[in-house]
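*Asks:* Contents of model-v7.cif (mmCIF, C-alpha atoms) are given next:
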```cif
data_input
loop_
_atom_site.label_atom_id
_atom_site.label_comp_id
_atom_site.auth_asym_id
_atom_site.auth_seq_id
_atom_site.Cartn_x
_atom_site.Cartn_y
_atom_site.Cartn_z
CA MET W 178 8.86 16.41 -51.85
CA ARG W 179 12.18 17.22 -53.51
CA HIS W 180 13.20 20.17 -55.65
CA LEU W 181 16.38 20.79 -57.63
CA ILE W 182 17.55 24.33 -57.01
CA ASP W 183 21.31 24.00 -56.53
CA PRO W 184 23.47 21.37 -58.27
CA LEU W 185 24.65 20.26 -54.83
CA ASP W 186 21.10 19.56 -53.63
CA PHE W 187 21.73 15.97 -54.70
CA THR W 188 24.36 13.94 -52.88
CA VAL W 189 27.05 12.11 -54.86
CA GLU W 190 25.01 8.89 -54.47
CA GLU W 191 21.80 10.58 -55.64
CA THR W 192 23.63 12.12 -58.58
CA THR W 193 25.05 8.72 -59.52
CA ALA W 194 21.58 7.16 -59.36
CA LEU W 195 20.20 9.93 -61.57
CA LEU W 196 23.00 9.58 -64.13
CA ASP W 197 22.52 5.79 -64.13
CA LEU W 198 18.85 6.31 -64.88
CA ALA W 199 19.67 8.79 -67.67
CA ASP W 200 21.99 6.18 -69.20
CA ARG W 201 19.24 3.58 -69.01
CA ILE W 202 16.77 5.90 -70.74
CA LEU W 203 19.29 6.67 -73.48
CA ALA W 204 19.86 2.95 -74.03
CA ASP W 205 16.15 2.15 -74.27
CA PRO W 206 13.93 5.24 -74.60
CA ALA W 207 10.88 3.18 -75.56
CA ALA W 208 10.83 1.57 -72.12
CA PHE W 209 10.16 5.00 -70.59
CA ALA W 210 7.77 6.37 -73.21
CA ASP W 211 4.67 6.14 -71.00
CA LYS W 212 6.18 6.68 -67.58
CA CYS W 213 4.68 10.15 -67.19
CA LYS W 214 1.37 9.55 -68.91
CA GLY W 215 -1.21 11.87 -67.39
CA LYS W 216 1.42 14.13 -65.83
CA ILE W 217 1.97 17.78 -66.74
CA LEU W 218 5.19 19.79 -66.71
CA ALA W 219 4.89 23.58 -66.42
CA THR W 220 7.73 25.50 -68.06
CA LEU W 221 7.78 28.90 -66.38
CA PHE W 222 10.31 30.88 -68.39
CA TYR W 223 10.47 34.50 -67.28
CA GLU W 224 13.24 35.08 -69.80
CA PRO W 225 13.64 33.42 -73.16
CA SER W 226 15.88 30.38 -73.39
CA THR W 227 14.67 28.38 -76.31
CA ARG W 228 17.10 25.49 -76.03
CA THR W 229 16.63 24.86 -72.33
CA ARG W 230 12.85 25.18 -72.56
CA LEU W 231 12.61 22.85 -75.54
CA SER W 232 14.93 20.38 -73.84
CA PHE W 233 12.60 20.25 -70.83
CA GLU W 234 9.53 19.99 -73.05
CA SER W 235 11.10 17.28 -75.17
CA ALA W 236 12.00 15.39 -71.98
CA MET W 237 8.41 15.44 -70.70
CA LEU W 238 6.89 14.63 -74.10
CA ARG W 239 9.27 11.67 -74.50
CA LEU W 240 8.03 10.39 -71.14
CA GLY W 241 4.44 10.50 -72.40
CA GLY W 242 3.52 13.57 -70.35
CA ARG W 243 2.25 16.95 -71.46
CA VAL W 244 3.54 20.48 -71.08
CA LEU W 245 2.17 23.96 -70.56
CA GLY W 246 3.81 27.25 -69.70
CA PHE W 247 5.10 30.55 -70.95
CA ALA W 248 8.28 31.52 -72.74
CA SER W 249 8.86 35.07 -71.52
CA ALA W 250 7.80 37.37 -68.70
CA ASP W 251 5.78 39.51 -71.16
CA SER W 252 3.36 36.67 -71.71
CA SER W 253 3.02 35.77 -68.04
CA SER W 254 1.24 37.18 -65.03
CA ALA W 255 4.59 38.64 -63.95
CA ALA W 256 3.87 41.42 -66.45
CA LYS W 257 0.90 42.31 -64.24
CA GLY W 258 3.14 42.34 -61.20
CA GLU W 259 2.33 38.93 -59.73
CA SER W 260 4.96 37.60 -57.36
CA VAL W 261 6.84 34.36 -57.94
CA ALA W 262 5.33 33.04 -54.69
CA ASP W 263 1.77 33.60 -55.95
CA THR W 264 2.48 32.28 -59.44
CA ILE W 265 3.83 28.96 -58.20
CA ARG W 266 0.91 28.48 -55.82
CA ILE W 267 -1.45 28.86 -58.77
CA ILE W 268 0.65 26.65 -61.06
CA SER W 269 0.74 23.98 -58.33
CA GLY W 270 -2.93 23.38 -59.15
CA TYR W 271 -2.32 23.19 -62.90
CA ALA W 272 0.73 20.95 -63.20
CA ASP W 273 2.59 18.13 -61.46
CA ILE W 274 6.10 19.56 -61.76
CA ALA W 275 7.57 22.92 -62.80
CA ALA W 276 10.79 24.07 -64.46
CA MET W 277 11.51 27.75 -63.79
CA ARG W 278 13.88 30.08 -65.60
CA HIS W 279 14.11 33.56 -64.10
CA PRO W 280 16.46 36.52 -64.59
CA LYS W 281 16.63 37.11 -60.83
CA GLU W 282 18.92 34.99 -58.70
CA GLY W 283 17.11 32.85 -56.15
CA ALA W 284 13.68 33.05 -57.82
CA PRO W 285 13.32 29.24 -58.10
CA LEU W 286 14.24 28.87 -54.41
CA ARG W 287 11.55 31.41 -53.57
CA ALA W 288 9.11 29.40 -55.69
CA ALA W 289 10.12 26.11 -54.06
CA ARG W 290 9.27 27.50 -50.63
CA TYR W 291 5.65 28.07 -51.68
CA SER W 292 5.19 25.27 -54.16
CA LEU W 293 3.06 22.17 -53.73
CA ILE W 294 4.86 20.50 -56.66
CA PRO W 295 8.56 19.84 -57.34
CA VAL W 296 10.40 22.86 -58.75
CA ILE W 297 13.42 22.58 -61.02
CA ASN W 298 15.75 25.55 -61.38
CA ALA W 299 16.17 25.96 -65.14
CA GLY W 300 18.60 28.85 -64.65
CA ASP W 301 18.35 31.84 -62.30
CA GLY W 302 20.23 34.80 -63.68
CA GLY W 303 23.97 34.38 -63.40
CA HIS W 304 23.59 32.14 -60.37
CA GLN W 305 22.85 28.43 -60.90
CA HIS W 306 21.85 26.16 -63.75
CA PRO W 307 21.78 22.70 -62.17
CA THR W 308 20.37 20.78 -65.14
CA GLN W 309 23.26 22.08 -67.25
CA THR W 310 25.61 20.73 -64.60
CA LEU W 311 23.88 17.34 -64.64
CA THR W 312 24.13 17.36 -68.43
CA ASP W 313 27.86 18.10 -68.20
CA LEU W 314 28.35 15.34 -65.63
CA MET W 315 26.45 12.83 -67.73
CA THR W 316 28.55 13.65 -70.78
CA ILE W 317 31.85 13.45 -68.90
CA ARG W 318 30.90 10.12 -67.37
CA ARG W 319 29.74 8.69 -70.68
CA LYS W 320 33.01 9.74 -72.30
CA HIS W 321 35.35 8.41 -69.61
CA GLY W 322 33.20 6.02 -67.60
CA ARG W 323 34.18 7.79 -64.38
CA PHE W 324 35.01 11.14 -62.77
CA GLU W 325 37.78 9.93 -60.48
CA GLY W 326 41.30 10.79 -61.58
CA LEU W 327 40.31 13.01 -64.51
CA THR W 328 42.12 16.21 -65.49
CA ILE W 329 39.50 18.78 -66.37
CA GLY W 330 40.42 21.93 -68.27
CA LEU W 331 38.01 24.84 -68.17
CA CYS W 332 38.72 27.52 -70.73
CA GLY W 333 37.50 31.04 -71.42
CA ASP W 334 35.37 33.19 -69.16
CA LEU W 335 35.81 31.52 -65.77
CA LYS W 336 34.83 34.61 -63.80
CA PHE W 337 31.24 35.13 -64.88
CA GLY W 338 30.39 31.70 -66.27
CA ARG W 339 27.90 30.11 -63.91
CA THR W 340 28.15 26.74 -65.63
CA VAL W 341 31.85 26.43 -64.82
CA HIS W 342 31.35 27.38 -61.17
CA SER W 343 28.64 24.77 -60.68
CA LEU W 344 30.64 22.15 -62.55
CA VAL W 345 33.77 22.74 -60.45
CA LYS W 346 31.77 22.49 -57.22
CA SER W 347 30.15 19.25 -58.38
CA LEU W 348 33.32 17.60 -59.71
CA ALA W 349 35.22 18.58 -56.56
CA ARG W 350 33.20 15.91 -54.74
CA TYR W 351 35.01 13.11 -56.62
CA GLU W 352 38.40 11.62 -55.74
CA GLY W 353 41.50 12.47 -57.69
CA VAL W 354 40.00 15.15 -59.93
CA ARG W 355 42.48 17.82 -61.04
CA PHE W 356 41.55 21.17 -62.58
CA ILE W 357 43.36 23.38 -65.04
CA PHE W 358 41.82 26.84 -65.36
CA ILE W 359 42.66 28.49 -68.68
CA SER W 360 41.67 32.13 -68.95
CA PRO W 361 42.91 35.67 -69.40
CA PRO W 362 43.84 37.22 -66.03
CA GLU W 363 40.73 39.43 -66.21
CA LEU W 364 38.45 36.40 -66.30
CA ARG W 365 40.08 34.08 -63.77
CA MET W 366 38.15 31.67 -61.59
CA PRO W 367 36.79 33.69 -58.63
CA SER W 368 38.93 33.38 -55.53
CA TYR W 369 35.97 32.29 -53.39
CA ILE W 370 35.58 29.11 -55.47
CA ILE W 371 39.27 28.36 -54.95
CA LYS W 372 39.21 29.22 -51.24
CA GLU W 373 35.91 27.56 -50.37
CA THR W 374 35.86 24.55 -52.70
CA LEU W 375 39.36 23.56 -53.78
CA LEU W 376 41.85 24.51 -51.06
CA PRO W 377 39.99 23.00 -48.06
CA ARG W 378 39.85 19.63 -49.85
CA GLY W 379 43.39 19.79 -51.17
CA ILE W 380 42.18 19.48 -54.77
CA PRO W 381 45.05 20.19 -57.20
CA PHE W 382 44.55 23.00 -59.70
CA GLU W 383 46.59 25.20 -62.00
CA GLU W 384 45.77 28.59 -63.48
CA VAL W 385 47.26 29.26 -66.90
CA THR W 386 46.71 31.74 -69.71
CA SER W 387 47.60 29.50 -72.65
CA LEU W 388 45.45 26.68 -73.95
CA GLU W 389 48.18 25.07 -76.06
CA SER W 390 50.55 24.53 -73.15
CA VAL W 391 48.13 22.35 -71.19
CA MET W 392 46.26 20.66 -74.02
CA PRO W 393 48.21 17.34 -73.85
CA ALA W 394 47.33 16.88 -70.15
CA LEU W 395 43.56 17.18 -70.50
CA ASP W 396 40.89 14.46 -70.34
CA ILE W 397 38.08 17.01 -70.65
CA LEU W 398 38.19 20.47 -72.18
CA TYR W 399 35.19 22.57 -71.20
CA MET W 400 35.02 25.62 -73.44
CA THR W 401 33.12 28.82 -72.67
CA ARG W 402 32.67 32.04 -74.54
CA VAL W 403 34.88 35.05 -73.91
CA GLN W 404 32.49 37.93 -74.30
CA ARG W 405 33.59 41.32 -75.58
CA GLU W 406 31.61 43.20 -72.93
CA ARG W 407 33.58 41.55 -70.12
CA PHE W 408 36.73 43.46 -71.04
CA PHE W 409 37.67 46.90 -69.85
CA ASN W 410 38.96 47.91 -73.24
CA GLU W 411 38.76 46.83 -76.84
CA GLU W 412 42.54 46.37 -77.18
CA ASP W 413 42.66 43.72 -74.48
CA TYR W 414 39.74 41.92 -76.04
CA ILE W 415 41.35 41.87 -79.49
CA ARG W 416 44.69 40.80 -78.02
CA LEU W 417 43.19 37.93 -76.04
CA LYS W 418 40.17 36.65 -77.88
CA ASP W 419 42.01 34.33 -80.29
CA SER W 420 43.92 32.68 -77.44
CA TYR W 421 40.71 31.09 -76.30
CA ILE W 422 39.40 29.86 -79.62
CA LEU W 423 39.69 26.13 -80.14
CA THR W 424 41.04 25.33 -83.60
CA PRO W 425 42.05 22.00 -85.18
CA ASP W 426 45.73 22.98 -84.65
CA LYS W 427 45.23 23.30 -80.92
CA LEU W 428 43.04 20.20 -80.76
CA ALA W 429 45.82 18.23 -82.47
CA LEU W 430 47.85 18.61 -79.26
CA GLY W 431 45.17 16.80 -77.22
CA LYS W 432 44.86 13.14 -76.28
CA ASP W 433 42.80 10.78 -78.44
CA SER W 434 40.53 10.24 -75.44
CA LEU W 435 39.95 13.96 -74.89
CA ALA W 436 36.33 15.15 -74.95
CA VAL W 437 35.49 18.77 -75.77
CA LEU W 438 32.38 20.13 -74.06
CA HIS W 439 30.59 23.46 -74.38
CA PRO W 440 27.29 24.54 -72.78
CA LEU W 441 26.27 26.16 -76.11
CA PRO W 442 25.40 28.38 -77.82
CA ARG W 443 28.86 29.00 -79.18
CA VAL W 444 29.75 32.06 -81.17
CA ASN W 445 33.29 31.65 -82.45
CA GLU W 446 35.15 30.04 -79.55
CA ILE W 447 35.16 26.65 -81.24
CA ALA W 448 36.04 26.69 -84.94
CA LEU W 449 33.42 24.98 -87.09
CA SER W 450 36.13 22.72 -88.47
CA VAL W 451 36.47 21.14 -85.01
CA ASP W 452 32.90 19.80 -85.22
CA ASP W 453 33.91 16.81 -87.32
CA ASP W 454 36.58 15.69 -84.88
CA PRO W 455 35.36 12.67 -82.88
CA ARG W 456 36.49 14.42 -79.72
CA ALA W 457 33.91 17.21 -80.21
CA ALA W 458 31.22 16.16 -77.72
CA TYR W 459 29.11 19.31 -77.44
CA PHE W 460 26.21 18.28 -79.65
CA GLU W 461 26.07 14.93 -77.92
CA GLN W 462 26.12 16.91 -74.67
CA ALA W 463 23.01 18.85 -75.76
CA ARG W 464 21.27 15.55 -76.59
CA ASN W 465 22.26 14.16 -73.19
CA GLY W 466 20.50 17.15 -71.66
CA VAL W 467 17.14 15.69 -72.68
CA TYR W 468 17.90 12.28 -71.12
CA VAL W 469 19.18 13.76 -67.90
CA ARG W 470 16.07 15.96 -67.66
CA MET W 471 13.90 12.88 -68.27
CA ALA W 472 15.71 11.14 -65.42
CA LEU W 473 15.26 14.20 -63.22
CA ILE W 474 11.52 14.48 -63.90
CA LEU W 475 11.05 10.77 -63.10
CA THR W 476 13.12 11.11 -59.93
CA LEU W 477 11.34 14.19 -58.60
CA LEU W 478 7.91 12.78 -59.45
CA GLU W 479 8.97 9.55 -57.71
CA VAL W 480 7.82 7.48 -60.69
CA PRO W 481 8.79 3.80 -60.23
CA VAL W 482 11.34 2.89 -62.92
CA MET X 91 29.78 62.86 -15.02
CA ILE X 92 26.27 62.43 -16.36
CA ASN X 93 23.83 60.39 -14.33
CA VAL X 94 21.32 58.24 -16.15
CA ASP X 95 18.77 56.52 -13.95
CA SER X 96 18.89 52.77 -13.70
CA ILE X 97 15.92 51.07 -15.26
CA GLU X 98 13.20 49.07 -13.58
CA ASN X 99 12.20 46.86 -16.50
CA GLY X 100 13.99 46.64 -19.81
CA VAL X 101 17.28 45.93 -21.52
CA VAL X 102 20.76 47.38 -21.28
CA LEU X 103 23.18 46.88 -24.15
CA ASP X 104 26.58 47.18 -22.55
CA HIS X 105 30.14 47.19 -23.91
CA ILE X 106 29.17 48.64 -27.27
CA LYS X 107 32.20 49.69 -29.26
CA PRO X 108 32.63 53.43 -28.58
CA GLY X 109 31.12 55.68 -31.22
CA THR X 110 28.84 53.03 -32.73
CA SER X 111 25.79 53.21 -30.47
CA LEU X 112 23.82 55.59 -32.68
CA ARG X 113 24.32 53.33 -35.67
CA ILE X 114 23.10 50.36 -33.64
CA TYR X 115 20.20 52.46 -32.36
CA HIS X 116 19.05 53.00 -35.94
CA LEU X 117 19.83 49.49 -37.22
CA LEU X 118 17.77 47.96 -34.39
CA GLY X 119 14.94 50.32 -35.29
CA LEU X 120 14.90 51.79 -31.78
CA ASP X 121 14.02 55.18 -33.26
CA LYS X 122 10.62 53.72 -34.15
CA LEU X 123 9.79 52.69 -30.57
CA ASP X 124 8.03 54.87 -28.04
CA HIS X 125 10.09 53.51 -25.15
CA THR X 126 12.32 55.68 -23.00
CA ILE X 127 15.79 55.11 -24.38
CA ALA X 128 19.16 56.42 -23.24
CA VAL X 129 22.15 56.35 -25.57
CA ILE X 130 25.38 56.89 -23.70
CA GLN X 131 28.56 57.44 -25.63
CA ASN X 132 32.15 57.15 -24.46
CA ALA X 133 31.38 55.94 -20.96
CA ARG X 134 34.33 54.74 -18.88
CA SER X 135 34.91 50.99 -19.04
CA THR X 136 37.27 48.95 -16.91
CA LYS X 137 37.23 46.25 -19.57
CA TYR X 138 37.69 48.32 -22.76
CA GLY X 139 38.68 51.82 -21.58
CA ARG X 140 35.68 53.41 -23.33
CA LYS X 141 32.34 52.02 -24.33
CA ASP X 142 28.87 53.01 -25.44
CA ILE X 143 25.72 51.88 -23.66
CA ILE X 144 22.06 51.80 -24.72
CA LYS X 145 19.33 51.52 -22.10
CA ILE X 146 15.82 50.67 -23.21
CA GLU X 147 13.08 51.06 -20.60
CA GLY X 148 9.87 49.04 -20.78
CA GLU X 149 8.61 45.51 -20.25
CA GLU X 150 8.22 44.96 -24.03
CA ALA X 151 11.91 45.71 -24.54
CA LEU X 152 12.60 42.26 -23.05
CA ASN X 153 11.11 40.77 -26.21
CA LEU X 154 13.14 42.80 -28.71
CA ASN X 155 14.88 40.74 -31.37
CA LEU X 156 18.53 41.52 -30.71
CA ASP X 157 20.01 38.67 -32.75
CA MET X 158 21.71 41.03 -35.17
CA LEU X 159 23.93 42.40 -32.41
CA GLY X 160 26.04 39.24 -32.53
CA PHE X 161 26.77 40.10 -36.13
CA LEU X 162 27.29 43.83 -35.59
CA ASP X 163 29.44 43.75 -32.48
CA PRO X 164 30.06 40.41 -30.75
CA ASN X 165 31.53 42.14 -27.66
CA ILE X 166 28.17 43.60 -26.63
CA THR X 167 26.64 42.25 -23.40
CA ILE X 168 22.85 42.13 -23.22
CA ILE X 169 21.53 42.65 -19.68
CA ARG X 170 17.83 42.05 -19.12
CA ILE X 171 16.27 43.72 -16.10
CA GLN X 172 12.94 42.99 -14.47
CA GLY X 173 11.65 44.56 -11.25
CA GLY X 174 14.93 46.42 -10.89
CA ARG X 175 16.94 43.17 -10.86
CA VAL X 176 19.18 41.64 -13.47
CA ILE X 177 17.45 38.49 -14.74
CA ASP X 178 20.17 37.52 -17.19
CA LYS X 179 23.33 38.71 -18.83
CA ARG X 180 24.50 37.20 -22.04
CA GLN X 181 27.45 37.47 -24.34
CA LEU X 182 26.66 37.30 -28.00
CA SER X 183 27.53 34.74 -30.60
CA LEU X 184 27.06 34.88 -34.35
CA PRO X 185 23.43 34.01 -35.12
CA GLU X 186 22.81 31.16 -37.59
CA THR X 187 20.50 33.31 -39.67
CA LEU X 188 19.72 36.98 -40.02
CA VAL X 189 16.10 37.46 -41.02
CA ASN X 190 15.01 40.91 -42.16
CA ILE X 191 17.88 42.52 -40.31
CA VAL X 192 19.88 43.52 -43.33
CA ARG X 193 18.73 43.75 -46.91
CA CYS X 194 20.44 41.96 -49.77
CA LYS X 195 22.07 44.62 -51.90
CA ASN X 196 22.52 42.47 -55.00
CA PRO X 197 20.32 44.09 -57.68
CA ARG X 198 20.13 40.74 -59.48
CA CYS X 199 18.64 39.01 -56.41
CA ILE X 200 14.95 38.03 -56.32
CA THR X 201 14.67 40.03 -53.08
CA SER X 202 15.07 43.20 -55.17
CA ILE X 203 11.65 42.73 -56.85
CA GLU X 204 9.56 40.19 -54.95
CA GLU X 205 7.03 41.69 -52.57
CA GLU X 206 6.93 40.70 -48.90
CA ILE X 207 9.98 38.49 -49.21
CA ASP X 208 12.13 37.94 -46.13
CA HIS X 209 15.76 38.96 -46.51
CA ILE X 210 17.58 35.96 -45.09
CA PHE X 211 21.33 35.55 -44.63
CA LYS X 212 22.83 32.27 -43.43
CA LEU X 213 26.09 31.83 -41.58
CA GLY X 214 28.53 29.65 -43.52
CA GLU X 215 31.32 27.40 -42.27
CA ASN X 216 33.88 30.12 -42.91
CA GLY X 217 32.07 32.62 -40.67
CA GLU X 218 30.61 34.59 -43.58
CA TYR X 219 26.97 35.35 -44.15
CA ARG X 220 25.43 34.80 -47.57
CA CYS X 221 21.98 35.60 -48.92
CA VAL X 222 20.01 32.35 -49.13
CA TYR X 223 18.63 33.35 -52.52
CA CYS X 224 21.60 34.69 -54.49
CA GLU X 225 24.52 33.74 -52.18
CA GLU X 226 25.76 37.33 -52.17
CA ARG X 227 28.26 37.76 -49.35
CA LEU X 228 27.31 40.17 -46.58
CA SER X 229 30.05 42.46 -45.38
CA ARG X 230 29.74 44.44 -42.19
CA SER X 231 30.90 47.53 -44.01
CA SER X 232 27.85 47.30 -46.29
CA LEU X 233 25.51 48.00 -43.36
#
```
Starting from the file, lay out its structure as structure tokens.
*Replies:*
Amino acid sequence: MRHLIDPLDFTVEETTALLDLADRILADPAAFADKCKGKILATLFYEPSTRTRLSFESAMLRLGGRVLGFASADSSSAAKGESVADTIRIISGYADIAAMRHPKEGAPLRAARYSLIPVINAGDGGHQHPTQTLTDLMTIRRKHGRFEGLTIGLCGDLKFGRTVHSLVKSLARYEGVRFIFISPPELRMPSYIIKETLLPRGIPFEEVTSLESVMPALDILYMTRVQRERFFNEEDYIRLKDSYILTPDKLALGKDSLAVLHPLPRVNEIALSVDDDPRAAYFEQARNGVYVRMALILTLLEVPV
Amino acid sequence: MINVDSIENGVVLDHIKPGTSLRIYHLLGLDKLDHTIAVIQNARSTKYGRKDIIKIEGEEALNLNLDMLGFLDPNITIIRIQGGRVIDKRQLSLPETLVNIVRCKNPRCITSIEEEIDHIFKLGENGEYRCVYCEERLSRSSL
């Protein structure tokens, strides 16, 4: 039995197979509409995350399965002090597969060790969010048809953003990928990612503080939010926040083939006027999340497709 | 010169970095045992000049889990003694995993709230230990 806890749990080949399946589902959803008939997905959300939960539920419903679960710890047995290990053993008798969101890092791994059904990490604190990574990969591949040789810009909060860490680790497995990290010095990519992931493999990367200067080189621009609370003082935040907002003026410097991604929700880091640009791919990215989760559910349940 | 009797059955931890034996005594939980234990500090050493030594008397001491010593002080030699004779001497290497030897200090880790959960650190390729749950790095100074 397989689980998905860390984005690197799947090999490059397994990831490719999963993305191929997601593309097939997107091309012909009707062909998969009954694939999970009679199966139940449990969404165990110990903290609210409406979009991720609904994406999982939509995925299972579109496969003809059913869903049950809870949307916050208050409405679960965790409020009575039940451990994750006990909860998953109980849920194993109620459902065929589980997606778990938990504020504590490593909770889905703990669950997987006691579970009799596949467990999907739907986000564990600031640690991992593998289905977001798969969604990002699917969107990048659909936009460019490949990962190899792409120049990927990641912009904003690169220090605390778990989605960018997972994405860098995943993309680093492909040949010829080059990274440009665009952030204020306070929110740079952590040195352990650079030392453990990029340097040993000789993967080229640059660290810059200005988005405009690198815009023409990018194939992908992955935006993240620069949060006020990450700064030591208000002055720095005010000084820097506009540097990391994508506007039509900045986007005008980019290639025609550029794709702009964002894990959403956005606050103000992408101007609303960018939404109409064909290079804005973030809403498509959110839609892809459903297809990639459908592919993941089918894969983990070992449903013949 | 202080004389400490040699032991008949038990374990001697030799070549401990001078001044650290009491810390190791507590980290190994030796204070919770009812064995006869000698902690010798600043003994003369031909190899290192000075060293600490811990002697633990008792047959059961042969079964103590001493894996964490490889992490704490890789220069320590473990000498196991049975019937007054040395049955083996071993140098330490870094253990692959540390289970319930150190606690994860990351307050965001599941180990901070889940009952009866093992605290497990795995040795990575770069010689660092990380919590298997949250990947928090373990530093020796945090012990």
*Asks:* List as a list in words the protein and nucleic acid residues near Leu388 of chain W, meaning an atom at most 9 Å away when all atoms listed in the file are counted, but skip any in the same chain fewer than 3 places from it.
*Replies:* Gly330, Cys332, Ile359, Ser360, Val385, Val391, Met392, Ser420, Tyr421, Ile422, Leu423 and Lys427 of chain W
*Asks:* Go through the shown structure with the PyMOL selection byres ((chain W) within 8 of (chain X)) and write out the matching residues as number ranges by chain.
*Replies:* W: 260-261, 280-284, 286-287, 302, 304
*Asks:* Kindly give the distance, in Å, that separates atom CA of Leu238 of chain W and atom CA of Arg290 of chain W, rounded to a single decimal.
*Replies:* 26.9 Å
*Asks:* Residues within 7 Å of Val467 of chain W, please, as a list in words. Count only C-alpha atoms; anything in the same chain fewer than 4 positions from it doesn't count.
*Replies:*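 Counting only C-alpha atoms, the residues come to Ser232, Phe233, Ser235, Ala236 and Met471 of chain W.
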*Asks:* Name the residues that the PyMOL selection byres ((chain X and resi 98-102) around 10) picks from the file above, as a ChimeraX atom specification, using the file's chain letters and numbers.
*Replies:* /X:95-97,103-105,125-128,143-154,166-176,178-179
*Asks:* What gap, in Å, lies between atom CA of Ile357 of chain W and atom CA of Asp419 of chain W?
*Replies:*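 A separation of 18.8 Å between them.
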*Asks:* For Pro361 of chain W, find every residue with an atom within 8 Å (counting all atoms listed in the file), except residues of its own chain fewer than 3 positions away, and show them as a list of chain:residue names.
*Replies:*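 The neighbour list is W:Gly333, W:Asp334, W:Leu364, W:Arg365, W:Thr386, W:Leu417.
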*Asks:* Some atoms are absent from segment 128-140 of chain X, so rebuild N, CA and C atoms and return them as an mmCIF file, in the coordinates of the input.
*Replies:*
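Everything below was put into out-v7.cif:
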```cif
data_model
loop_
_atom_site.group_PDB
_atom_site.id
_atom_site.type_symbol
_atom_site.label_atom_id
_atom_site.label_comp_id
_atom_site.auth_asym_id
_atom_site.auth_seq_id
_atom_site.Cartn_x
_atom_site.Cartn_y
_atom_site.Cartn_z
ATOM 1 N N ALA X 128 17.978 55.586 -23.472
ATOM 2 C CA ALA X 128 19.160 56.420 -23.240
ATOM 3 C C ALA X 128 20.320 55.869 -24.054
ATOM 4 N N VAL X 129 20.951 56.753 -24.809
ATOM 5 C CA VAL X 129 22.150 56.350 -25.570
ATOM 6 C C VAL X 129 23.330 57.068 -24.938
ATOM 7 N N ILE X 130 24.235 56.300 -24.409
ATOM 8 C CA ILE X 130 25.380 56.890 -23.700
ATOM 9 C C ILE X 130 26.636 56.589 -24.497
ATOM 10 N N GLN X 131 27.348 57.641 -24.823
ATOM 11 C CA GLN X 131 28.560 57.440 -25.630
ATOM 12 C C GLN X 131 29.798 57.701 -24.790
ATOM 13 N N ASN X 132 30.846 56.954 -25.077
ATOM 14 C CA ASN X 132 32.150 57.150 -24.460
ATOM 15 C C ASN X 132 32.127 57.089 -22.934
ATOM 16 N N ALA X 133 31.364 56.135 -22.417
ATOM 17 C CA ALA X 133 31.380 55.940 -20.960
ATOM 18 C C ALA X 133 32.687 55.241 -20.585
ATOM 19 N N ARG X 134 33.109 55.403 -19.324
ATOM 20 C CA ARG X 134 34.330 54.740 -18.880
ATOM 21 C C ARG X 134 34.080 53.241 -18.750
ATOM 22 N N SER X 135 35.047 52.447 -19.156
ATOM 23 C CA SER X 135 34.910 50.990 -19.040
ATOM 24 C C SER X 135 36.191 50.410 -18.490
ATOM 25 N N THR X 136 36.055 49.587 -17.447
ATOM 26 C CA THR X 136 37.270 48.950 -16.910
ATOM 27 C C THR X 136 37.793 47.907 -17.878
ATOM 28 N N LYS X 137 36.860 47.328 -18.649
ATOM 29 C CA LYS X 137 37.230 46.250 -19.570
ATOM 30 C C LYS X 137 37.875 46.795 -20.850
ATOM 31 N N TYR X 138 37.247 47.838 -21.437
ATOM 32 C CA TYR X 138 37.690 48.320 -22.760
ATOM 33 C C TYR X 138 38.221 49.757 -22.764
ATOM 34 N N GLY X 139 38.259 50.419 -21.596
ATOM 35 C CA GLY X 139 38.680 51.820 -21.580
ATOM 36 C C GLY X 139 37.493 52.739 -21.801
ATOM 37 N N ARG X 140 36.888 52.650 -22.998
ATOM 38 C CA ARG X 140 35.680 53.410 -23.330
ATOM 39 C C ARG X 140 34.636 52.482 -23.916
#
```
